[in-house]
>>> print(open('model_11.txt').read())   # compact mmCIF, C-alpha atoms and all ligand atoms
# COMPACT_ATOMS: atom_id res chain seq x y z
CA MET A 1 -22.57 -5.12 -36.01
CA ALA A 2 -19.53 -7.35 -35.91
CA LYS A 3 -16.48 -5.74 -34.42
CA GLU A 4 -13.10 -6.54 -35.83
CA LYS A 5 -10.95 -8.37 -33.30
CA SER A 6 -7.96 -6.34 -32.23
CA THR A 7 -4.57 -7.92 -32.73
CA ALA A 8 -2.51 -5.19 -31.08
CA LYS A 9 0.91 -6.31 -29.89
CA GLU A 10 2.60 -3.02 -29.01
CA LEU A 11 1.05 -0.17 -27.05
CA GLU A 12 1.27 2.01 -30.16
CA ASP A 13 -0.99 -0.45 -32.01
CA LEU A 14 -3.89 0.48 -29.74
CA PRO A 15 -6.38 3.04 -31.06
CA GLY A 16 -5.72 6.54 -29.73
CA ILE A 17 -2.29 5.67 -28.32
CA GLY A 18 0.39 7.62 -30.15
CA PRO A 19 4.12 7.43 -29.47
CA ALA A 20 3.94 10.21 -26.85
CA SER A 21 1.13 8.53 -24.87
CA ALA A 22 2.89 5.19 -25.16
CA GLU A 23 6.03 6.71 -23.67
CA LYS A 24 4.09 8.14 -20.73
CA LEU A 25 2.39 4.82 -20.14
CA LYS A 26 5.64 2.87 -20.20
CA ALA A 27 7.27 5.32 -17.81
CA ALA A 28 4.41 4.72 -15.38
CA GLY A 29 4.82 0.95 -15.59
CA TYR A 30 2.02 0.23 -18.08
CA ASP A 31 4.43 -1.43 -20.48
CA THR A 32 2.39 -4.33 -21.81
CA ILE A 33 -0.97 -4.80 -23.53
CA ASP A 34 -2.00 -7.00 -20.58
CA LYS A 35 -1.45 -4.20 -18.09
CA ILE A 36 -3.51 -1.82 -20.24
CA ALA A 37 -6.26 -4.44 -20.44
CA ALA A 38 -6.38 -4.63 -16.65
CA SER A 39 -6.34 -0.89 -16.02
CA ALA A 40 -9.16 1.49 -15.18
CA TYR A 41 -10.00 4.03 -17.88
CA SER A 42 -9.82 6.92 -15.41
CA VAL A 43 -6.25 6.00 -14.56
CA LEU A 44 -5.28 5.39 -18.15
CA SER A 45 -6.62 8.72 -19.36
CA GLU A 46 -4.75 10.54 -16.60
CA VAL A 47 -1.46 8.71 -17.12
CA ALA A 48 -1.47 8.80 -20.91
CA GLY A 49 -2.90 12.30 -21.16
CA ILE A 50 -5.82 11.23 -23.37
CA ASN A 51 -9.53 11.75 -22.88
CA ALA A 52 -11.79 9.23 -21.18
CA GLU A 53 -13.43 8.06 -24.43
CA ALA A 54 -10.06 7.34 -26.04
CA ALA A 55 -8.93 5.53 -22.91
CA LYS A 56 -12.02 3.30 -22.97
CA LYS A 57 -11.39 2.41 -26.63
CA ALA A 58 -7.73 1.61 -25.96
CA ILE A 59 -8.64 -0.65 -23.02
CA GLU A 60 -11.33 -2.38 -25.06
CA ALA A 61 -8.82 -3.10 -27.84
CA ALA A 62 -6.22 -4.26 -25.31
CA ARG A 63 -8.75 -6.64 -23.77
CA GLN A 64 -9.59 -8.11 -27.17
CA ALA A 65 -5.92 -8.61 -27.95
CA THR A 66 -5.22 -10.28 -24.63
CA THR A 67 -5.47 -13.98 -24.41
CA ILE A 68 -6.50 -14.89 -20.92
CA SER A 69 -3.98 -17.35 -19.63
CA PHE A 70 -4.46 -19.75 -16.78
CA GLU A 71 -1.82 -20.44 -14.21
CA SER A 72 -1.62 -23.80 -12.50
CA GLY A 73 -1.83 -23.97 -8.72
CA GLU A 74 1.63 -25.47 -8.78
CA SER A 75 3.15 -22.51 -10.59
CA ILE A 76 1.42 -20.08 -8.19
CA LEU A 77 2.93 -22.04 -5.31
CA GLU A 78 6.34 -21.76 -7.00
CA ARG A 79 5.86 -18.00 -7.45
CA ARG A 80 4.82 -17.62 -3.82
CA LYS A 81 8.21 -18.98 -2.77
CA SER A 82 9.75 -15.69 -3.89
CA ILE A 83 7.58 -13.83 -1.36
CA GLY A 84 9.61 -12.00 1.27
CA LYS A 85 8.70 -10.87 4.76
CA ILE A 86 9.42 -7.87 6.95
CA SER A 87 9.43 -8.34 10.71
CA THR A 88 7.15 -6.12 12.80
CA GLY A 89 9.57 -6.16 15.74
CA SER A 90 7.21 -8.36 17.78
CA LYS A 91 7.53 -12.15 17.62
CA GLU A 92 3.89 -12.60 18.52
CA LEU A 93 2.64 -10.22 15.86
CA ASN A 94 4.95 -11.83 13.30
CA ALA A 95 3.57 -15.25 14.18
CA MET A 96 0.02 -13.98 13.83
CA LEU A 97 0.92 -12.68 10.35
CA GLY A 98 2.45 -16.01 9.36
CA GLY A 99 6.06 -14.93 9.92
CA GLY A 100 5.97 -11.21 9.16
CA VAL A 101 4.46 -8.78 6.69
CA GLU A 102 4.41 -10.36 3.23
CA THR A 103 5.49 -8.79 -0.04
CA ASN A 104 3.02 -8.73 -2.96
CA GLY A 105 0.30 -7.55 -0.63
CA ILE A 106 -1.21 -4.59 1.14
CA LEU A 107 -1.24 -4.51 4.94
CA GLU A 108 -3.69 -2.08 6.47
CA ALA A 109 -3.70 -0.98 10.10
CA TYR A 110 -6.70 0.91 11.42
CA GLY A 111 -7.47 2.22 14.86
CA LYS A 112 -8.01 5.33 16.95
CA PHE A 113 -5.37 8.01 17.61
CA ALA A 114 -2.26 6.84 19.47
CA SER A 115 -3.08 3.20 18.78
CA GLY A 116 0.34 2.68 17.20
CA LYS A 117 -0.38 2.76 13.46
CA SER A 118 2.40 5.24 12.68
CA GLN A 119 4.81 3.56 15.09
CA LEU A 120 4.33 0.27 13.26
CA GLY A 121 5.04 2.13 10.02
CA PHE A 122 8.30 3.48 11.47
CA GLN A 123 9.35 0.04 12.71
CA LEU A 124 8.65 -1.59 9.32
CA SER A 125 10.55 1.26 7.62
CA VAL A 126 13.61 0.46 9.70
CA ASN A 127 13.27 -3.31 9.45
CA ALA A 128 12.98 -3.23 5.65
CA HIS A 129 16.70 -2.37 5.72
CA LEU A 130 17.66 -5.49 7.67
CA PRO A 131 19.23 -8.34 5.68
CA VAL A 132 16.98 -10.92 4.02
CA GLY A 133 16.27 -13.73 6.46
CA LYS A 134 17.07 -11.45 9.42
CA GLY A 135 13.71 -9.73 9.49
CA GLY A 136 14.21 -7.50 6.49
CA LEU A 137 14.45 -7.30 2.72
CA ALA A 138 17.71 -5.35 2.43
CA GLY A 139 15.74 -2.65 0.67
CA ALA A 140 14.91 1.04 0.73
CA VAL A 141 11.61 2.68 1.70
CA LEU A 142 9.19 5.12 0.10
CA PHE A 143 7.23 6.90 2.84
CA LEU A 144 4.22 9.10 2.05
CA ASP A 145 3.44 11.30 5.02
CA THR A 146 -0.02 12.83 4.58
CA GLU A 147 -0.51 13.98 8.17
CA GLY A 148 2.86 15.54 8.93
CA THR A 149 3.61 12.96 11.60
CA PHE A 150 6.80 11.46 10.17
CA ARG A 151 9.62 11.78 12.75
CA PRO A 152 13.20 11.13 11.57
CA GLU A 153 14.38 11.19 15.22
CA ARG A 154 12.13 8.22 15.87
CA ILE A 155 13.61 6.36 12.89
CA GLU A 156 17.06 7.11 14.34
CA SER A 157 16.30 5.57 17.73
CA ILE A 158 14.56 2.52 16.27
CA ALA A 159 17.41 1.97 13.79
CA LYS A 160 20.03 2.20 16.54
CA ALA A 161 18.11 -0.31 18.64
CA SER A 162 18.01 -2.67 15.64
CA GLY A 163 21.78 -2.51 15.20
CA LEU A 164 21.56 -0.49 11.99
CA ASP A 165 23.38 2.70 11.04
CA PRO A 166 20.68 5.39 11.52
CA LYS A 167 22.30 7.70 8.98
CA LYS A 168 22.23 5.02 6.31
CA VAL A 169 18.64 4.06 7.11
CA LEU A 170 17.53 7.69 6.78
CA GLU A 171 19.49 8.08 3.54
CA GLU A 172 17.59 5.15 2.09
CA MET A 173 14.20 6.51 3.07
CA PHE A 174 12.43 8.58 0.48
CA VAL A 175 9.93 10.67 2.40
CA VAL A 176 7.26 12.65 0.57
CA ARG A 177 5.16 15.06 2.59
CA CYS A 178 1.86 15.10 0.72
CA SER A 179 -0.66 17.82 1.36
CA THR A 180 -3.08 17.13 -1.49
CA THR A 181 -4.56 13.94 -2.96
CA GLU A 182 -3.12 15.03 -6.29
CA GLN A 183 0.39 14.86 -4.81
CA GLN A 184 -0.31 11.54 -3.16
CA ILE A 185 -1.71 9.99 -6.34
CA LEU A 186 1.05 11.34 -8.59
CA THR A 187 3.82 10.17 -6.24
CA ILE A 188 2.51 6.63 -6.56
CA GLU A 189 1.77 6.91 -10.30
CA ARG A 190 5.38 7.94 -10.90
CA ALA A 191 7.04 5.63 -8.37
CA ASP A 192 8.20 2.95 -10.82
CA LYS A 193 11.52 4.56 -11.66
CA LEU A 194 12.33 5.37 -8.03
CA ILE A 195 11.50 1.81 -6.99
CA ARG A 196 13.66 0.22 -9.68
CA GLU A 197 16.63 2.50 -9.18
CA ASN A 198 16.69 2.36 -5.38
CA ASN A 199 15.55 -1.18 -4.63
CA ILE A 200 12.52 -0.01 -2.70
CA LYS A 201 10.96 -2.90 -0.81
CA LEU A 202 8.40 -1.08 1.31
CA ILE A 203 5.92 1.69 0.58
CA VAL A 204 4.20 3.30 3.56
CA ILE A 205 1.20 5.61 3.23
CA ASP A 206 0.39 7.19 6.59
CA SER A 207 -2.52 7.73 6.25
CA LEU A 208 -4.08 6.52 3.02
CA ILE A 209 -7.36 8.31 3.27
CA SER A 210 -7.08 11.49 5.37
CA LEU A 211 -6.51 13.81 2.40
CA PHE A 212 -9.31 12.17 0.42
CA ARG A 213 -11.65 12.74 3.34
CA SER A 214 -10.77 16.41 3.71
CA GLU A 215 -10.87 17.18 -0.02
CA PHE A 216 -14.01 15.33 -1.03
CA ILE A 217 -16.68 16.49 1.36
CA GLY A 218 -20.35 15.62 1.28
CA ARG A 219 -22.40 12.95 -0.43
CA GLY A 220 -22.07 14.55 -3.84
CA ALA A 221 -18.31 14.08 -3.84
CA LEU A 222 -18.35 10.53 -2.57
CA GLY A 223 -18.49 8.88 -6.00
CA GLU A 224 -15.53 10.82 -7.30
CA ARG A 225 -13.60 10.20 -4.10
CA GLN A 226 -14.14 6.46 -4.23
CA GLN A 227 -13.24 6.33 -7.92
CA LYS A 228 -9.95 8.14 -7.31
CA LEU A 229 -9.22 6.03 -4.27
CA ASN A 230 -9.97 2.92 -6.27
CA SER A 231 -7.47 3.64 -9.01
CA HIS A 232 -4.90 4.78 -6.42
CA ILE A 233 -5.18 1.45 -4.62
CA HIS A 234 -5.15 -0.40 -7.92
CA LYS A 235 -1.80 1.18 -8.73
CA LEU A 236 -0.48 0.29 -5.27
CA GLN A 237 -1.41 -3.34 -5.77
CA GLN A 238 0.26 -3.26 -9.17
CA LEU A 239 3.50 -1.97 -7.60
CA ALA A 240 3.35 -4.65 -4.89
CA ASP A 241 3.01 -7.35 -7.55
CA ASN A 242 5.46 -5.99 -10.11
CA TYR A 243 8.29 -5.30 -7.68
CA ASN A 244 7.60 -7.93 -5.01
CA LEU A 245 7.35 -5.31 -2.29
CA VAL A 246 5.31 -4.61 0.85
CA ILE A 247 2.65 -1.91 1.00
CA TYR A 248 1.68 -0.65 4.46
CA ILE A 249 -1.24 1.75 4.77
CA THR A 250 -2.84 3.25 7.84
CA ASN A 251 -6.49 4.08 8.08
CA GLN A 252 -8.75 6.09 10.34
CA VAL A 253 -11.83 4.84 12.12
CA MET A 254 -15.31 6.10 12.80
CA ASP A 255 -18.01 5.02 15.17
CA ASN A 256 -20.62 3.11 13.26
CA PRO A 257 -24.00 3.79 14.93
CA GLY A 258 -25.47 0.83 13.02
CA ILE A 259 -23.62 -1.60 15.26
CA LEU A 260 -25.59 -2.06 18.46
CA PHE A 261 -23.58 -4.83 20.05
CA GLY A 262 -19.85 -5.17 20.31
CA ASP A 263 -17.19 -2.68 19.21
CA PRO A 264 -18.77 0.00 16.99
CA THR A 265 -15.40 1.13 15.61
CA THR A 266 -15.12 0.58 11.87
CA PRO A 267 -12.43 1.64 9.41
CA VAL A 268 -13.33 4.43 6.99
CA GLY A 269 -13.01 4.14 3.22
CA GLY A 270 -15.74 1.56 2.71
CA ASN A 271 -15.53 -1.55 0.60
CA ILE A 272 -12.81 -0.23 -1.67
CA ILE A 273 -10.17 -0.41 1.03
CA ALA A 274 -11.69 -3.48 2.65
CA HIS A 275 -11.34 -5.43 -0.59
CA ALA A 276 -7.97 -4.03 -1.53
CA ALA A 277 -6.12 -4.77 1.70
CA THR A 278 -4.70 -8.28 1.73
CA THR A 279 -4.49 -8.21 5.51
CA ARG A 280 -6.17 -5.87 7.99
CA LEU A 281 -5.06 -5.15 11.52
CA TYR A 282 -7.23 -3.43 14.10
CA MET A 283 -5.09 -1.71 16.75
CA ARG A 284 -6.37 -0.64 20.16
CA LYS A 285 -4.76 1.14 23.06
CA SER A 286 -4.45 -0.89 26.22
CA LYS A 287 -2.74 -0.09 29.54
CA GLU A 288 0.36 2.13 29.33
CA ASP A 289 2.59 1.13 26.41
CA LYS A 290 0.55 -1.96 25.50
CA ARG A 291 -1.50 -2.23 22.35
CA ILE A 292 -3.93 -4.96 21.32
CA VAL A 293 -3.64 -5.98 17.69
CA ARG A 294 -6.38 -8.00 16.06
CA LEU A 295 -5.98 -9.74 12.71
CA VAL A 296 -9.28 -9.01 11.03
CA ASP A 297 -9.03 -10.29 7.53
CA SER A 298 -6.49 -12.44 5.73
CA PRO A 299 -6.71 -14.89 2.83
CA GLY A 300 -4.76 -17.67 4.50
CA LEU A 301 -4.47 -16.93 8.22
CA PRO A 302 -6.85 -17.53 11.11
CA GLU A 303 -8.26 -14.51 12.95
CA GLY A 304 -6.32 -13.76 16.07
CA GLU A 305 -5.28 -11.23 18.63
CA CYS A 306 -1.99 -10.39 20.30
CA VAL A 307 -0.47 -7.75 22.54
CA ILE A 308 2.51 -5.61 21.54
CA LYS A 309 4.38 -2.83 23.31
CA ILE A 310 5.50 0.52 21.96
CA THR A 311 8.90 1.09 23.57
CA PRO A 312 11.56 3.76 23.00
CA ASP A 313 13.35 1.08 20.90
CA GLY A 314 10.27 0.47 18.75
CA ILE A 315 7.65 -2.28 18.61
CA ARG A 316 8.32 -5.22 20.92
CA ASP A 317 6.52 -8.13 22.54
N1 LIG B 401 9.80 7.46 21.67
C1 LIG B 401 8.76 6.76 22.10
N2 LIG B 401 8.91 5.87 23.10
C2 LIG B 401 7.87 5.17 23.55
N3 LIG B 401 6.62 5.27 23.06
C3 LIG B 401 6.42 6.15 22.08
C4 LIG B 401 7.46 6.94 21.54
N4 LIG B 401 6.96 7.72 20.59
C5 LIG B 401 5.65 7.44 20.53
N5 LIG B 401 5.31 6.50 21.43
C6 LIG B 401 3.96 5.97 21.69
O1 LIG B 401 3.26 5.88 20.50
C7 LIG B 401 2.00 6.54 20.64
C8 LIG B 401 1.61 7.17 19.33
O2 LIG B 401 1.36 6.15 18.41
P1 LIG B 401 1.14 6.45 16.88
O3 LIG B 401 1.70 7.76 16.54
O4 LIG B 401 1.61 5.28 16.13
O5 LIG B 401 -0.45 6.54 16.84
P2 LIG B 401 -1.37 6.48 15.55
O6 LIG B 401 -2.15 5.23 15.65
O7 LIG B 401 -0.57 6.69 14.34
O8 LIG B 401 -2.34 7.70 15.85
P3 LIG B 401 -2.95 8.83 14.87
O9 LIG B 401 -4.28 8.30 14.43
O10 LIG B 401 -3.08 10.01 15.74
O11 LIG B 401 -2.01 9.03 13.74
C9 LIG B 401 2.21 7.57 21.70
O12 LIG B 401 1.01 7.84 22.37
C10 LIG B 401 3.19 6.87 22.61
O13 LIG B 401 2.49 6.07 23.52
MG MG B 402 -0.37 8.29 13.01
>>> encode(input="model_11.txt", output="structure tokens", more="lines below")
Ligand SMILES: Nc1ncnc2c1ncn2[C@@H]1O[C@H](COP(=O)(O)OP(=O)(O)OP(=O)(O)O)[C@@H](O)[C@H]1O
Ligand SMILES: [Mg+2]
Amino acid sequence: MAKEKSTAKELEDLPGIGPASAEKLKAAGYDTIDKIAASAYSVLSEVAGINAEAAKKAIEAARQATTISFESGESILERRKSIGKISTGSKELNAMLGGGVETNGILEAYGKFASGKSQLGFQLSVNAHLPVGKGGLAGAVLFLDTEGTFRPERIESIAKASGLDPKKVLEEMFVVRCSTTEQQILTIERADKLIRENNIKLIVIDSLISLFRSEFIGRGALGERQQKLNSHIHKLQQLADNYNLVIYITNQVMDNPGILFGDPTTPVGGNIIAHAATTRLYMRKSKEDKRIVRLVDSPGLPEGECVIKITPDGIRD
């Protein structure tokens, strides 16, 4: 049976997408046929308020209407020149990351308790406010606190030490205390407007997975958990790309009994997070205020290790 090739140009041309659904999609940042074509049906059905079958049909039609375009290496290089960087506060860690934490990507830090994951999140949240070229992106921050560990007092001290006005830094931090995955997912699904209107340059999720782990318990729930996590991360990557911003996520660890030699500590979340994070850092507690940071995975940087300090002023060498 030959299918007719879709020639949809506007969202409303897609089967099952009426004006109301199209509005919802646009508000969530799905404003082109290409973006629909690249979306997951579970996300689309949730965002547009249509059932899964209708979402699948709409995506299928969007894919048919999309002409796959190739981009030359040269034009990608040109586009990469617009990439910005946020300083971590440590020269050594910046150097290991190729100059700082890059926009358009997801940085993940995993490690045991008190290894410094949240502290790095606080430091990046302050530094995002610094001027471009001075370690920052002159932007605001969206901070999702899923563990109740956000401390404005800490932001104050780090901001002061960085020569910034703590009041202004806190004013330009949008903190959402999430206590359910629903809240966490919806905050990100609806972040487009907030990002555009407030020049948000950094999104922190501390931690990405804790709520997913406590809500989806047991083997039976694993599939659903991973599917939700997958579309959540997909949306995060989309925000990083669309708005040229940095995503910083923290992750928990577990002891992997399958590893007999070496460090058995592995990040939770499985392949979904492993593949989504552009760069992964493994943080370990060392003596006193020292922390060992290992660069585990990065598309263009060599693996490496460095030592940072957590001081009252923030992250330092
Ligand atoms: N004001 C401060 N001055 C100096 N060091 C501090 C200060 N506040 C926190 N720290 C250090 O940071 C550590 C906590 O690190 P952090 O909260 O980033 O851990 P984490 O990796 O997020 O752990 P968890 O998995 O429990 O969330 C403390 O143990 C302490 O050593
Ligand atoms: Mg923490």
>>> residues_near_ligand(input="model_11.txt", ligand="ligand LIG 401 (chain B)", cutoff="7 Å", atoms="only C-alpha atoms and all ligand atoms", output="mmCIF file with C-alpha atoms, keeping the file's coordinate frame")
data_model
loop_
_atom_site.group_PDB
_atom_site.id
_atom_site.type_symbol
_atom_site.label_atom_id
_atom_site.label_comp_id
_atom_site.auth_asym_id
_atom_site.auth_seq_id
_atom_site.Cartn_x
_atom_site.Cartn_y
_atom_site.Cartn_z
ATOM 1 C CA GLY A 111 -7.470 2.220 14.860
ATOM 2 C CA LYS A 112 -8.010 5.330 16.950
ATOM 3 C CA PHE A 113 -5.370 8.010 17.610
ATOM 4 C CA ALA A 114 -2.260 6.840 19.470
ATOM 5 C CA SER A 115 -3.080 3.200 18.780
ATOM 6 C CA GLY A 116 0.340 2.680 17.200
ATOM 7 C CA LYS A 117 -0.380 2.760 13.460
ATOM 8 C CA SER A 118 2.400 5.240 12.680
ATOM 9 C CA GLN A 119 4.810 3.560 15.090
ATOM 10 C CA LEU A 120 4.330 0.270 13.260
ATOM 11 C CA ARG A 154 12.130 8.220 15.870
ATOM 12 C CA GLN A 252 -8.750 6.090 10.340
ATOM 13 C CA ASP A 289 2.590 1.130 26.410
ATOM 14 C CA ILE A 310 5.500 0.520 21.960
ATOM 15 C CA THR A 311 8.900 1.090 23.570
ATOM 16 C CA PRO A 312 11.560 3.760 23.000
ATOM 17 C CA ASP A 313 13.350 1.080 20.900
#
>>> residues_around(input="model_11.txt", residues="Val126 in chain A", least_positions_apart="6", cutoff="8 Å", atoms="all atoms listed in the file", output="NGL selection string")
:A and (155 or 158-159 or 169)
>>> residues_around(input="model_11.txt", residues="range 88-90 of chain A", least_positions_apart="2", cutoff="9 Å", atoms="all atoms listed in the file", output="list of chain:residue names")
A:Ile86, A:Glu92, A:Leu93, A:Asn94, A:Ala95, A:Gly100, A:Val101, A:Leu120, A:Gly121, A:Gln123, A:Leu124, A:Asn127, A:Gly135, A:Ile308, A:Lys309, A:Gly314, A:Ile315, A:Arg316, A:Asp317
>>> write_last_selection(input="model_11.txt", atoms="C-alpha atoms", output="compact mmCIF listing (two decimals), keeping the file's coordinate frame")
# COMPACT_ATOMS: atom_id res chain seq x y z
CA ILE A 86 9.42 -7.87 6.95
CA GLU A 92 3.89 -12.60 18.52
CA LEU A 93 2.64 -10.22 15.86
CA ASN A 94 4.95 -11.83 13.30
CA ALA A 95 3.57 -15.25 14.18
CA GLY A 100 5.97 -11.21 9.16
CA VAL A 101 4.46 -8.78 6.69
CA LEU A 120 4.33 0.27 13.26
CA GLY A 121 5.04 2.13 10.02
CA GLN A 123 9.35 0.04 12.71
CA LEU A 124 8.65 -1.59 9.32
CA ASN A 127 13.27 -3.31 9.45
CA GLY A 135 13.71 -9.73 9.49
CA ILE A 308 2.51 -5.61 21.54
CA LYS A 309 4.38 -2.83 23.31
CA GLY A 314 10.27 0.47 18.75
CA ILE A 315 7.65 -2.28 18.61
CA ARG A 316 8.32 -5.22 20.92
CA ASP A 317 6.52 -8.13 22.54
>>> axis_aligned_box(input="model_11.txt", around="range 293-299 of chain A", padding_each_side="3 Å", output="lines of an AutoDock Vina configuration file")
center_x = -6.5
center_y = -10.4
center_z = 10.3
size_x = 11.6
size_y = 14.9
size_z = 20.9
>>> residues_around(input="model_11.txt", residues="Leu11 in chain A", least_positions_apart="6", cutoff="8 Å", atoms="all atoms listed in the file", output="VMD selection string")
chain A and resid 17 22 31 to 33
>>> closest_residue(input="model_11.txt", among="A:Asp165, A:Glu23, A:Glu102, A:Glu60", to="Ala38 in chain A", atoms="all atoms listed in the file")
A:Glu60
>>> atom_distance(input="model_11.txt", atom1="CA of Ala28 in chain A", atom2="CA of Glu189 in chain A")
6.1 Å
>>> residues_around(input="model_11.txt", residues="Ser179 in chain A", least_positions_apart="4", cutoff="8 Å", atoms="all atoms listed in the file", output="PyMOL selection string")
chain A and resi 146-147+183-184+211
>>> closest_residue(input="model_11.txt", among="A:Glu53, A:Glu197, A:Glu74, A:Asp145", to="ligand MG 402 (chain B)", atoms="all atoms listed in the file")
A:Asp145
>>> closest_residue(input="model_11.txt", among="A:Ile273, A:Ala8, A:Met283, A:Leu170", to="ligand MG 402 (chain B)", atoms="all atoms listed in the file")
A:Met283
>>> closest_residue(input="model_11.txt", among="A:Thr66, A:Ser125, A:Asn198, A:Ser45", to="Glu10 in chain A", atoms="only C-alpha atoms")
A:Thr66
>>> atom_distance(input="model_11.txt", atom1="CA of Phe143 in chain A", atom2="CA of Ser298 in chain A")
23.9 Å
>>> decode(input="model_11.txt", residues="range 198-266 of chain A", atoms="C-alpha atoms", output="PDB file, in the first residue's frame")
ATOM      1  CA  ASN A 198      15.401  36.315  31.291  1.00  0.00           C
ATOM      2  CA  ASN A 199      18.473  35.457  29.240  1.00  0.00           C
ATOM      3  CA  ILE A 200      19.046  32.211  31.090  1.00  0.00           C
ATOM      4  CA  LYS A 201      22.460  30.802  30.252  1.00  0.00           C
ATOM      5  CA  LEU A 202      22.700  27.954  32.734  1.00  0.00           C
ATOM      6  CA  ILE A 203      20.262  25.281  33.865  1.00  0.00           C
ATOM      7  CA  VAL A 204      21.230  23.228  36.917  1.00  0.00           C
ATOM      8  CA  ILE A 205      19.412  20.057  37.956  1.00  0.00           C
ATOM      9  CA  ASP A 206      20.652  18.889  41.346  1.00  0.00           C
ATOM     10  CA  SER A 207      20.081  15.977  41.162  1.00  0.00           C
ATOM     11  CA  LEU A 208      18.714  14.751  37.860  1.00  0.00           C
ATOM     12  CA  ILE A 209      17.672  11.308  38.915  1.00  0.00           C
ATOM     13  CA  SER A 210      16.873  11.157  42.646  1.00  0.00           C
ATOM     14  CA  LEU A 211      13.122  11.713  42.215  1.00  0.00           C
ATOM     15  CA  PHE A 212      12.963   9.212  39.359  1.00  0.00           C
ATOM     16  CA  ARG A 213      14.641   6.639  41.570  1.00  0.00           C
ATOM     17  CA  SER A 214      12.272   7.153  44.474  1.00  0.00           C
ATOM     18  CA  GLU A 215       9.106   7.227  42.358  1.00  0.00           C
ATOM     19  CA  PHE A 216       9.780   4.346  40.006  1.00  0.00           C
ATOM     20  CA  ILE A 217      10.675   1.426  42.216  1.00  0.00           C
ATOM     21  CA  GLY A 218      11.313  -2.136  41.143  1.00  0.00           C
ATOM     22  CA  ARG A 219      12.053  -3.815  37.852  1.00  0.00           C
ATOM     23  CA  GLY A 220       8.517  -3.411  36.572  1.00  0.00           C
ATOM     24  CA  ALA A 221       8.776   0.371  36.667  1.00  0.00           C
ATOM     25  CA  LEU A 222      12.201   0.575  35.090  1.00  0.00           C
ATOM     26  CA  GLY A 223      10.975   0.804  31.496  1.00  0.00           C
ATOM     27  CA  GLU A 224       8.630   3.659  32.248  1.00  0.00           C
ATOM     28  CA  ARG A 225      11.275   5.425  34.309  1.00  0.00           C
ATOM     29  CA  GLN A 226      13.864   5.230  31.550  1.00  0.00           C
ATOM     30  CA  GLN A 227      11.354   6.379  28.942  1.00  0.00           C
ATOM     31  CA  LYS A 228      10.424   9.451  30.992  1.00  0.00           C
ATOM     32  CA  LEU A 229      14.047  10.167  31.773  1.00  0.00           C
ATOM     33  CA  ASN A 230      14.880   9.838  28.103  1.00  0.00           C
ATOM     34  CA  SER A 231      12.394  12.431  26.936  1.00  0.00           C
ATOM     35  CA  HIS A 232      13.346  14.714  29.849  1.00  0.00           C
ATOM     36  CA  ILE A 233      16.995  14.619  28.778  1.00  0.00           C
ATOM     37  CA  HIS A 234      15.997  15.032  25.161  1.00  0.00           C
ATOM     38  CA  LYS A 235      14.239  18.269  26.055  1.00  0.00           C
ATOM     39  CA  LEU A 236      17.275  19.438  28.037  1.00  0.00           C
ATOM     40  CA  GLN A 237      19.531  18.875  25.046  1.00  0.00           C
ATOM     41  CA  GLN A 238      17.059  20.755  22.877  1.00  0.00           C
ATOM     42  CA  LEU A 239      17.181  23.750  25.248  1.00  0.00           C
ATOM     43  CA  ALA A 240      20.997  23.662  25.290  1.00  0.00           C
ATOM     44  CA  ASP A 241      21.057  23.751  21.485  1.00  0.00           C
ATOM     45  CA  ASN A 242      18.250  26.231  20.889  1.00  0.00           C
ATOM     46  CA  TYR A 243      19.412  28.813  23.403  1.00  0.00           C
ATOM     47  CA  ASN A 244      23.165  28.196  23.396  1.00  0.00           C
ATOM     48  CA  LEU A 245      23.211  27.525  27.119  1.00  0.00           C
ATOM     49  CA  VAL A 246      24.954  25.233  29.609  1.00  0.00           C
ATOM     50  CA  ILE A 247      23.184  22.333  31.306  1.00  0.00           C
ATOM     51  CA  TYR A 248      24.727  21.030  34.523  1.00  0.00           C
ATOM     52  CA  ILE A 249      23.290  17.888  36.089  1.00  0.00           C
ATOM     53  CA  THR A 250      24.401  15.954  39.142  1.00  0.00           C
ATOM     54  CA  ASN A 251      24.044  12.236  39.479  1.00  0.00           C
ATOM     55  CA  GLN A 252      24.237   9.660  42.233  1.00  0.00           C
ATOM     56  CA  VAL A 253      26.436   6.600  42.289  1.00  0.00           C
ATOM     57  CA  MET A 254      26.079   2.984  43.269  1.00  0.00           C
ATOM     58  CA  ASP A 255      28.565   0.244  43.895  1.00  0.00           C
ATOM     59  CA  ASN A 256      28.635  -2.058  40.926  1.00  0.00           C
ATOM     60  CA  PRO A 257      29.381  -5.583  42.205  1.00  0.00           C
ATOM     61  CA  GLY A 258      30.180  -6.651  38.630  1.00  0.00           C
ATOM     62  CA  ILE A 259      33.442  -4.740  38.736  1.00  0.00           C
ATOM     63  CA  LEU A 260      36.055  -6.869  40.464  1.00  0.00           C
ATOM     64  CA  PHE A 261      39.108  -4.726  39.893  1.00  0.00           C
ATOM     65  CA  GLY A 262      39.466  -0.997  40.255  1.00  0.00           C
ATOM     66  CA  ASP A 263      36.866   1.483  41.500  1.00  0.00           C
ATOM     67  CA  PRO A 264      33.429  -0.176  41.617  1.00  0.00           C
ATOM     68  CA  THR A 265      31.593   3.154  41.798  1.00  0.00           C
ATOM     69  CA  THR A 266      29.357   3.736  38.788  1.00  0.00           C
TER      70      THR A 266
END
